[in-house]
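Colleague: final-v3.tsv is the file, holding TSV, C-alpha atoms and all ligand atoms:
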```
chain	number	residue	atom	x	y	z
A	1	MET	CA	-27.74	-13.19	119.71
A	2	SER	CA	-30.20	-14.28	122.40
A	3	GLY	CA	-29.22	-17.01	124.86
A	4	LYS	CA	-31.66	-19.38	123.18
A	5	ASN	CA	-29.91	-19.15	119.79
A	6	LEU	CA	-26.40	-19.16	121.14
A	7	ILE	CA	-24.27	-22.00	119.73
A	8	SER	CA	-22.50	-23.78	122.57
A	9	ALA	CA	-18.73	-23.42	122.83
A	10	GLU	CA	-18.51	-27.18	122.51
A	11	ASP	CA	-20.36	-27.12	119.17
A	12	MET	CA	-18.12	-24.31	117.94
A	13	MET	CA	-15.12	-26.57	118.47
A	14	ARG	CA	-16.64	-29.42	116.46
A	15	PHE	CA	-14.96	-29.94	113.09
A	16	LYS	CA	-17.27	-32.62	111.69
A	17	GLY	CA	-17.77	-31.82	107.99
A	18	ARG	CA	-14.68	-29.60	107.93
A	19	HIS	CA	-11.56	-30.37	105.89
A	20	VAL	CA	-8.10	-29.22	107.01
A	21	LEU	CA	-4.90	-29.32	104.96
A	22	ILE	CA	-1.67	-29.39	106.98
A	23	THR	CA	1.84	-29.19	105.53
A	24	GLY	CA	4.79	-30.72	107.35
A	25	ALA	CA	2.30	-33.13	108.90
A	26	ALA	CA	4.64	-36.09	109.33
A	27	ALA	CA	6.47	-34.94	112.46
A	28	GLY	CA	6.57	-32.50	115.35
A	29	ILE	CA	3.98	-29.72	115.45
A	30	GLY	CA	2.35	-30.72	112.14
A	31	ARG	CA	1.82	-34.27	113.32
A	32	ALA	CA	0.30	-33.02	116.59
A	33	MET	CA	-2.05	-30.77	114.61
A	34	SER	CA	-3.17	-33.73	112.50
A	35	ILE	CA	-4.07	-35.74	115.58
A	36	ARG	CA	-5.73	-32.79	117.33
A	37	PHE	CA	-7.93	-31.89	114.32
A	38	ALA	CA	-8.78	-35.56	113.88
A	39	THR	CA	-9.97	-35.73	117.50
A	40	ALA	CA	-12.24	-32.76	116.71
A	41	GLY	CA	-13.74	-34.61	113.72
A	42	ALA	CA	-12.05	-32.84	110.77
A	43	ASN	CA	-11.21	-34.72	107.60
A	44	LEU	CA	-7.58	-34.21	106.72
A	45	THR	CA	-5.25	-33.75	103.80
A	46	LEU	CA	-1.72	-34.27	105.09
A	47	VAL	CA	1.31	-33.13	103.13
A	48	ASP	CA	4.98	-33.83	103.78
A	49	ARG	CA	8.17	-34.72	101.93
A	50	ASN	CA	8.74	-37.80	104.12
A	51	PRO	CA	6.33	-40.52	102.91
A	52	ALA	CA	7.10	-43.13	105.57
A	53	LEU	CA	6.53	-40.81	108.52
A	54	LEU	CA	3.55	-39.25	106.76
A	55	GLU	CA	1.80	-42.62	106.49
A	56	LYS	CA	2.41	-43.24	110.20
A	57	ALA	CA	0.90	-39.87	111.13
A	58	ALA	CA	-2.07	-40.52	108.81
A	59	THR	CA	-2.70	-43.95	110.31
A	60	GLN	CA	-2.73	-42.49	113.80
A	61	ALA	CA	-5.09	-39.66	112.79
A	62	ALA	CA	-7.44	-42.08	111.03
A	63	THR	CA	-7.97	-44.01	114.28
A	64	HIS	CA	-10.27	-41.10	115.25
A	65	GLY	CA	-12.71	-42.08	112.50
A	66	VAL	CA	-11.99	-39.26	110.05
A	67	GLU	CA	-10.99	-39.38	106.38
A	68	VAL	CA	-7.28	-38.84	105.87
A	69	ARG	CA	-5.54	-38.32	102.53
A	70	THR	CA	-1.77	-38.03	102.18
A	71	HIS	CA	0.37	-36.35	99.54
A	72	THR	CA	4.14	-36.59	99.39
A	73	LEU	CA	5.55	-33.35	98.10
A	74	ASP	CA	8.42	-30.97	98.60
A	75	VAL	CA	6.68	-27.67	99.31
A	76	ALA	CA	9.83	-25.82	98.26
A	77	GLN	CA	9.08	-26.83	94.65
A	78	HIS	CA	6.59	-24.46	93.07
A	79	GLN	CA	5.80	-26.91	90.28
A	80	GLN	CA	4.93	-29.63	92.79
A	81	ILE	CA	2.56	-27.26	94.57
A	82	GLU	CA	0.88	-26.34	91.26
A	83	ASP	CA	0.52	-29.99	90.24
A	84	PHE	CA	-0.93	-30.86	93.64
A	85	TRP	CA	-3.64	-28.18	93.45
A	86	GLN	CA	-4.40	-28.89	89.81
A	87	LYS	CA	-5.13	-32.53	90.59
A	88	LEU	CA	-7.29	-31.63	93.58
A	89	GLU	CA	-10.97	-31.91	92.62
A	90	ASP	CA	-13.41	-29.26	93.90
A	91	LYS	CA	-15.14	-31.82	96.11
A	92	ASP	CA	-11.79	-32.44	97.86
A	93	LEU	CA	-10.96	-28.78	98.50
A	94	PRO	CA	-9.97	-28.07	102.11
A	95	ASP	CA	-11.70	-25.18	103.92
A	96	THR	CA	-8.66	-24.62	106.15
A	97	LEU	CA	-5.00	-24.41	105.19
A	98	ILE	CA	-2.17	-24.67	107.72
A	99	ASN	CA	1.27	-23.82	106.37
A	100	ASN	CA	3.52	-25.52	108.90
A	101	ALA	CA	6.36	-27.23	106.98
A	102	GLY	CA	9.72	-25.72	107.85
A	103	ILE	CA	13.41	-26.30	108.36
A	104	TYR	CA	15.99	-24.86	110.78
A	105	PRO	CA	19.15	-24.26	108.76
A	106	SER	CA	21.99	-22.31	110.32
A	107	SER	CA	25.06	-20.88	108.65
A	108	ASN	CA	27.83	-18.46	109.36
A	109	PHE	CA	26.59	-15.30	107.64
A	110	THR	CA	29.89	-14.39	105.98
A	111	GLU	CA	30.23	-17.89	104.52
A	112	MET	CA	26.61	-18.34	103.41
A	113	ASN	CA	26.10	-19.08	99.71
A	114	PRO	CA	23.07	-18.28	97.53
A	115	SER	CA	21.78	-21.85	97.34
A	116	PHE	CA	21.64	-22.12	101.15
A	117	PHE	CA	19.72	-18.87	101.34
A	118	GLU	CA	17.38	-19.80	98.49
A	119	ARG	CA	16.54	-23.17	100.01
A	120	THR	CA	15.70	-21.57	103.39
A	121	ILE	CA	13.46	-18.96	101.82
A	122	LYS	CA	11.80	-21.45	99.50
A	123	VAL	CA	10.92	-24.01	102.19
A	124	ASN	CA	9.98	-21.62	104.97
A	125	MET	CA	8.43	-18.67	103.17
A	126	GLU	CA	7.73	-19.18	99.47
A	127	SER	CA	5.98	-22.48	100.12
A	128	ALA	CA	3.47	-20.72	102.36
A	129	MET	CA	2.97	-17.99	99.78
A	130	TRP	CA	2.28	-20.36	96.85
A	131	MET	CA	0.04	-22.56	98.99
A	132	CYS	CA	-1.93	-19.46	100.04
A	133	GLN	CA	-2.20	-18.33	96.43
A	134	GLN	CA	-3.65	-21.64	95.26
A	135	PHE	CA	-5.99	-21.93	98.25
A	136	ILE	CA	-7.33	-18.39	97.82
A	137	LYS	CA	-7.74	-18.81	94.04
A	138	ARG	CA	-9.74	-21.98	94.47
A	139	ARG	CA	-11.91	-20.63	97.30
A	140	LEU	CA	-12.36	-17.06	96.11
A	141	ALA	CA	-16.13	-17.39	96.00
A	142	VAL	CA	-16.50	-18.91	99.46
A	143	GLY	CA	-13.54	-17.83	101.60
A	144	GLY	CA	-11.63	-19.99	104.04
A	145	ILE	CA	-9.20	-20.09	106.92
A	146	ILE	CA	-5.41	-19.89	106.76
A	147	ILE	CA	-2.97	-20.34	109.62
A	148	ASN	CA	0.70	-19.72	108.88
A	149	VAL	CA	3.38	-21.03	111.22
A	150	ALA	CA	6.09	-18.41	111.74
A	151	SER	CA	8.51	-18.27	114.70
A	152	ILE	CA	9.51	-16.14	117.67
A	153	GLU	CA	12.83	-15.82	115.82
A	154	ALA	CA	11.08	-13.52	113.30
A	155	ILE	CA	10.69	-10.94	116.05
A	156	LEU	CA	13.53	-11.64	118.46
A	157	PRO	CA	16.75	-13.25	117.28
A	158	PHE	CA	18.36	-15.31	120.03
A	159	LYS	CA	20.42	-18.00	118.35
A	160	SER	CA	23.42	-17.03	116.23
A	161	GLU	CA	23.69	-17.93	112.56
A	162	MET	CA	19.94	-17.99	111.95
A	163	VAL	CA	19.63	-14.80	109.87
A	164	PRO	CA	18.07	-16.46	106.79
A	165	TYR	CA	15.70	-18.45	109.02
A	166	ALA	CA	14.60	-15.26	110.81
A	167	MET	CA	14.16	-13.51	107.46
A	168	SER	CA	12.06	-16.36	106.09
A	169	LYS	CA	9.77	-16.29	109.13
A	170	ALA	CA	9.52	-12.48	109.10
A	171	GLY	CA	8.33	-12.93	105.51
A	172	VAL	CA	5.62	-15.29	106.75
A	173	LEU	CA	4.38	-12.57	109.11
A	174	ALA	CA	4.25	-10.02	106.29
A	175	LEU	CA	2.49	-12.54	104.04
A	176	THR	CA	-0.10	-13.19	106.74
A	177	ARG	CA	-0.86	-9.56	107.43
A	178	GLY	CA	-0.90	-8.57	103.76
A	179	LEU	CA	-3.32	-11.35	102.83
A	180	ALA	CA	-5.45	-10.76	105.94
A	181	HIS	CA	-5.80	-7.14	104.85
A	182	ASP	CA	-6.55	-7.92	101.20
A	183	TYR	CA	-8.83	-10.94	101.57
A	184	GLY	CA	-10.68	-10.37	104.85
A	185	SER	CA	-13.54	-8.79	102.93
A	186	LYS	CA	-13.79	-11.90	100.74
A	187	GLY	CA	-14.40	-14.24	103.66
A	188	PHE	CA	-10.86	-15.34	104.43
A	189	ARG	CA	-9.62	-15.41	108.02
A	190	ILE	CA	-5.84	-15.43	108.00
A	191	ASN	CA	-3.57	-15.50	111.06
A	192	ALA	CA	-0.08	-16.56	112.11
A	193	ILE	CA	1.25	-18.33	115.14
A	194	LEU	CA	4.78	-17.91	116.48
A	195	PRO	CA	5.88	-21.05	118.27
A	196	GLY	CA	8.98	-21.13	120.45
A	197	ALA	CA	10.68	-23.80	122.56
A	198	ILE	CA	8.45	-26.65	121.41
A	199	ARG	CA	10.03	-30.06	121.81
A	200	THR	CA	10.00	-31.65	118.33
A	201	PRO	CA	12.38	-33.77	116.24
A	202	GLY	CA	13.46	-30.53	114.51
A	203	THR	CA	14.33	-28.57	117.65
A	204	MET	CA	15.80	-31.60	119.43
A	205	SER	CA	18.25	-32.18	116.59
A	206	MET	CA	19.26	-28.48	116.84
A	207	VAL	CA	19.82	-28.83	120.58
A	208	LYS	CA	21.84	-32.03	120.04
A	209	LYS	CA	24.05	-30.27	117.52
A	210	ALA	CA	24.60	-27.36	119.90
A	211	LEU	CA	25.45	-29.66	122.82
A	212	SER	CA	27.88	-31.73	120.78
A	213	GLY	CA	29.77	-28.59	119.68
A	214	VAL	CA	32.59	-27.21	121.75
A	215	LYS	CA	31.53	-23.59	121.32
A	216	LEU	CA	30.94	-21.99	124.71
A	217	SER	CA	28.65	-19.43	123.06
A	218	MET	CA	26.16	-22.20	122.15
A	219	TRP	CA	25.93	-23.33	125.76
A	220	ARG	CA	25.43	-19.72	126.78
A	221	THR	CA	22.62	-19.35	124.21
A	222	GLY	CA	20.93	-22.47	125.60
A	223	TYR	CA	21.17	-21.15	129.14
A	224	ASP	CA	19.81	-17.69	128.20
A	225	PHE	CA	17.03	-19.29	126.17
A	226	GLN	CA	15.92	-21.45	129.06
A	227	ARG	CA	15.95	-18.48	131.46
A	228	ARG	CA	13.60	-16.47	129.23
A	229	LEU	CA	10.87	-19.12	129.35
A	230	ALA	CA	8.44	-17.62	131.85
A	231	LEU	CA	6.69	-20.99	132.20
A	232	ARG	CA	10.11	-22.54	132.96
A	233	ARG	CA	9.62	-25.45	130.60
A	234	TRP	CA	9.58	-26.38	126.92
A	235	GLY	CA	6.20	-26.81	125.27
A	236	ARG	CA	4.61	-29.89	123.76
A	237	PRO	CA	3.61	-29.95	120.06
A	238	ASP	CA	0.00	-30.47	121.13
A	239	GLU	CA	0.09	-27.15	122.99
A	240	VAL	CA	0.58	-25.48	119.61
A	241	ALA	CA	-1.94	-27.72	117.89
A	242	THR	CA	-4.71	-26.68	120.30
A	243	VAL	CA	-4.12	-23.01	119.48
A	244	THR	CA	-4.55	-23.73	115.77
A	245	LEU	CA	-7.73	-25.64	116.57
A	246	PHE	CA	-9.06	-22.55	118.31
A	247	LEU	CA	-7.98	-20.26	115.46
A	248	ALA	CA	-9.66	-22.47	112.88
A	249	SER	CA	-12.87	-22.64	114.92
A	250	GLY	CA	-15.84	-20.33	115.15
A	251	LEU	CA	-14.55	-19.20	118.55
A	252	ALA	CA	-11.93	-17.14	116.70
A	253	SER	CA	-14.35	-15.59	114.19
A	254	TYR	CA	-13.15	-12.00	114.81
A	255	ILE	CA	-9.40	-12.70	114.88
A	256	GLN	CA	-7.74	-11.48	111.69
A	257	GLY	CA	-4.12	-10.76	110.79
A	258	ALA	CA	-3.02	-11.64	114.31
A	259	LEU	CA	0.47	-12.84	115.20
A	260	ILE	CA	0.06	-15.15	118.16
A	261	PRO	CA	3.08	-16.35	120.14
A	262	VAL	CA	2.89	-19.86	121.59
A	263	ASP	CA	6.18	-19.73	123.43
A	264	GLY	CA	5.81	-20.18	127.19
A	265	GLY	CA	6.28	-16.44	127.64
A	266	PHE	CA	9.63	-16.18	125.79
A	267	LEU	CA	8.76	-13.01	123.87
A	268	SER	CA	7.25	-11.30	126.88
A	269	SER	CA	10.14	-12.01	129.28
B	1	LIG	N1	9.43	-26.39	117.46
B	1	LIG	C1	9.60	-25.11	117.74
B	1	LIG	O1	9.96	-24.73	118.87
B	1	LIG	C2	9.36	-24.08	116.68
B	1	LIG	C3	9.73	-22.76	116.96
B	1	LIG	C4	9.50	-21.80	115.99
B	1	LIG	C5	8.92	-22.14	114.77
B	1	LIG	N2	8.62	-23.44	114.52
B	1	LIG	C6	8.05	-23.75	113.21
B	1	LIG	O2	7.06	-24.76	113.33
B	1	LIG	C7	7.04	-25.56	112.14
B	1	LIG	C8	7.15	-27.03	112.53
B	1	LIG	O3	8.36	-27.19	113.27
B	1	LIG	P1	8.76	-28.56	114.01
B	1	LIG	O4	9.62	-28.14	115.13
B	1	LIG	O5	7.57	-29.38	114.22
B	1	LIG	O6	9.71	-29.21	112.87
B	1	LIG	P2	10.10	-30.74	112.59
B	1	LIG	O7	11.43	-30.68	111.92
B	1	LIG	O8	10.01	-31.54	113.85
B	1	LIG	O9	8.98	-31.21	111.56
B	1	LIG	C9	8.87	-30.53	110.33
B	1	LIG	C10	8.10	-31.35	109.32
B	1	LIG	O10	8.09	-30.59	108.09
B	1	LIG	C11	8.47	-31.44	107.02
B	1	LIG	N3	9.11	-30.67	105.95
B	1	LIG	C12	10.27	-29.97	106.04
B	1	LIG	N4	10.58	-29.45	104.85
B	1	LIG	C13	9.61	-29.83	103.98
B	1	LIG	C14	9.39	-29.62	102.60
B	1	LIG	N5	10.25	-28.94	101.86
B	1	LIG	N6	8.27	-30.13	102.03
B	1	LIG	C15	7.40	-30.85	102.78
B	1	LIG	N7	7.57	-31.11	104.07
B	1	LIG	C16	8.66	-30.60	104.69
B	1	LIG	C17	9.42	-32.45	107.64
B	1	LIG	O11	9.55	-33.63	106.85
B	1	LIG	C18	8.78	-32.69	109.00
B	1	LIG	O12	7.81	-33.70	108.94
B	1	LIG	C19	8.21	-25.06	111.28
B	1	LIG	O13	7.74	-24.16	110.32
B	1	LIG	C20	9.11	-24.34	112.28
B	1	LIG	O14	9.90	-23.34	111.70
B	1	LIG	C21	8.81	-24.41	115.46
```
How does this structure look as structure tokens?
Modeller:
Amino acid sequence: MSGKNLISAEDMMRFKGRHVLITGAAAGIGRAMSIRFATAGANLTLVDRNPALLEKAATQAATHGVEVRTHTLDVAQHQQIEDFWQKLEDKDLPDTLINNAGIYPSSNFTEMNPSFFERTIKVNMESAMWMCQQFIKRRLAVGGIIINVASIEAILPFKSEMVPYAMSKAGVLALTRGLAHDYGSKGFRINAILPGAIRTPGTMSMVKKALSGVKLSMWRTGYDFQRRLALRRWGRPDEVATVTLFLASGLASYIQGALIPVDGGFLSS
């Protein structure tokens, strides 16, 4: 491309006319993504199981002059996902899907029961898979962009009693790479991010639980965790949101099937 025809980097980051669907949009990283995409001009469809917080996030995003629709649904329920996509008219189809909703359950492995395991897998992994299936089905002729939110825990376990969580997020990585391989030729760009040490309501409640416990091992985990952060600080939700903005933009047009840590250097330390 000659210099004359080159689209400016600024224009490549403009999302006017784009439509982004974000799950788990009511709090933490999902909420930050909603605001960040709204500042870039994207219309939004925000999904969460918490209607009150979802409305608050939507109201804040809408202050940036974009259209915001909200849908209360439990992404762990396959039927609810099907109903949601069935009701969605073609004119309201998003061009970008961000599977972010997730939970942080922990359980002693030897005492874990099947319903605990099933819930973890359903919320953290199956939800992303069924959302991807519906999105790809509906956009098969035109392609689209998918960003799945995994975790550093999928690659490097550091906190005890998180085996099902780590398994669910490892599944998200496999889902991402498999779909990126199969649907790249059909115009889909599909990538995953691996956040770590981001200060959100979810991680803060985990930290609170750990600090209120008397187990010395939990304090030790916290100390080790902190020491691995090369940037020596926790991240802000917006520091994850900006990476998804980049991945969803034309600036990332040749990134496919990538697993991108956003973790202050945790995995590399
Ligand atoms: N914060 C981190 O450091 C970190 C690290 C690794 C991975 N992650 C991943 O990032 C994502 C967001 O994490 P966060 O820290 O912002 O969490 P959070 O708990 O602060 O927010 C999660 C949001 O997802 C929603 N949600 C949960 N289960 C849902 C369901 N079944 N249906 C619909 N909505 C649901 C919640 O209501 C909430 O609004 C998760 O997938 C998490 O595993 C975060």
Colleague: Quick one: pull the distance between CA of Asn124 (chain A) and CA of His71 (chain A), Å, one decimal.
Modeller: 18.4 Å
Colleague: Just to confirm, what's the straight-line distance from CA of Thr96 (chain A) to CA of Asp182 (chain A) in Å (one decimal)?
Modeller: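 Atom-to-atom, CA of Thr96 (chain A) to CA of Asp182 (chain A), that is 17.5 Å.
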Colleague: Which residues are near ligand LIG 1 (chain B) in this structure, taking near to mean any atom at most 6 Å from a ligand atom and counting all atoms listed in the file? Format them as a ChimeraX atom specification.
Modeller: /A:24-30,48-50,73-76,100-103,123,149-152,195-203
Colleague: Could you give me, as CSV, every region 177-238 of chain A residue with an atom at most 6 Å from region 252-268 of chain A, plus its closest atom pair and distance in Å to one decimal, counting all atoms listed in the file, rows ordered by chain then number?
Modeller:
```
residue,atom,partner,partner_atom,distance
A:Arg177,CA,A:Gly257,CA,4.8
A:Ala180,CA,A:Gly257,CA,5.0
A:Arg189,CA,A:Gln256,CA,5.7
A:Ile190,CA,A:Gly257,CA,5.7
A:Asn191,CA,A:Gly257,CA,4.8
A:Ala192,CA,A:Leu259,CA,4.9
A:Ile193,CA,A:Ile260,CA,4.5
A:Leu194,CA,A:Pro261,CA,4.3
A:Pro195,CA,A:Val262,CA,4.6
A:Gly196,CA,A:Asp263,CA,4.3
A:Arg228,CA,A:Phe266,CA,5.3
A:Leu229,CA,A:Phe266,CA,4.8
A:Ala230,CA,A:Gly265,CA,4.9
A:Leu231,CA,A:Gly264,CA,5.2
```
Colleague: Please measure the separation of CA of Thr242 (chain A) and CA of Ile145 (chain A), giving the value in Å to one decimal.
Modeller: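 Spanning CA of Thr242 (chain A) to CA of Ile145 (chain A) is a straight-line distance of 15.6 Å.
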Colleague: For Gly187 (chain A), which residue among A:Ala210, A:Ile136, A:Val20, A:Met204 is the nearest when counting all atoms listed in the file?
Modeller: A:Ile136
Colleague: Taking into account all atoms listed in the file, which residue in the set A:Met33, A:Gly17, A:Lys208, A:Thr221 is nearest to Pro157 (chain A)?
Modeller: A:Thr221
Colleague: Quick one: everything within 9 Å of Ile155 (chain A), counting all atoms listed in the file, minus sequence neighbours fewer than 5 positions away in the same chain. Send it as a list in words.
Modeller: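 Near neighbours after the sequence-gap exclusion: Ala166, Lys169, Ala170 and Leu267 of chain A.
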Colleague: Point out the residue among A:Phe225, A:Tyr183, A:Tyr165, A:Phe15 with the least atom-to-atom distance to Ser107 (chain A), counting only C-alpha atoms.
Modeller: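 Distance minimum relative to Ser107 (chain A) lands on A:Tyr165.
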Colleague: Here is a test: counting all atoms listed in the file, which residue of A:Thr23, A:Gln86, A:Asn108, A:Thr39 is nearest to Thr72 (chain A)?
Modeller: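 Of all the options, A:Thr23 lies closest to Thr72 (chain A).
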Colleague: For Phe117 (chain A), which residue among A:Val142, A:Val68, A:Met167, A:Ile81 is the nearest when counting only C-alpha atoms?
Modeller: A:Met167
Colleague: Taking into account only C-alpha atoms, which residue in the set A:Lys16, A:Arg36, A:Gly41, A:Asn5 is nearest to Asp238 (chain A)?
Modeller: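 Ranking A:Lys16, A:Arg36, A:Gly41, A:Asn5 by distance to Asp238 (chain A), first place goes to A:Arg36.
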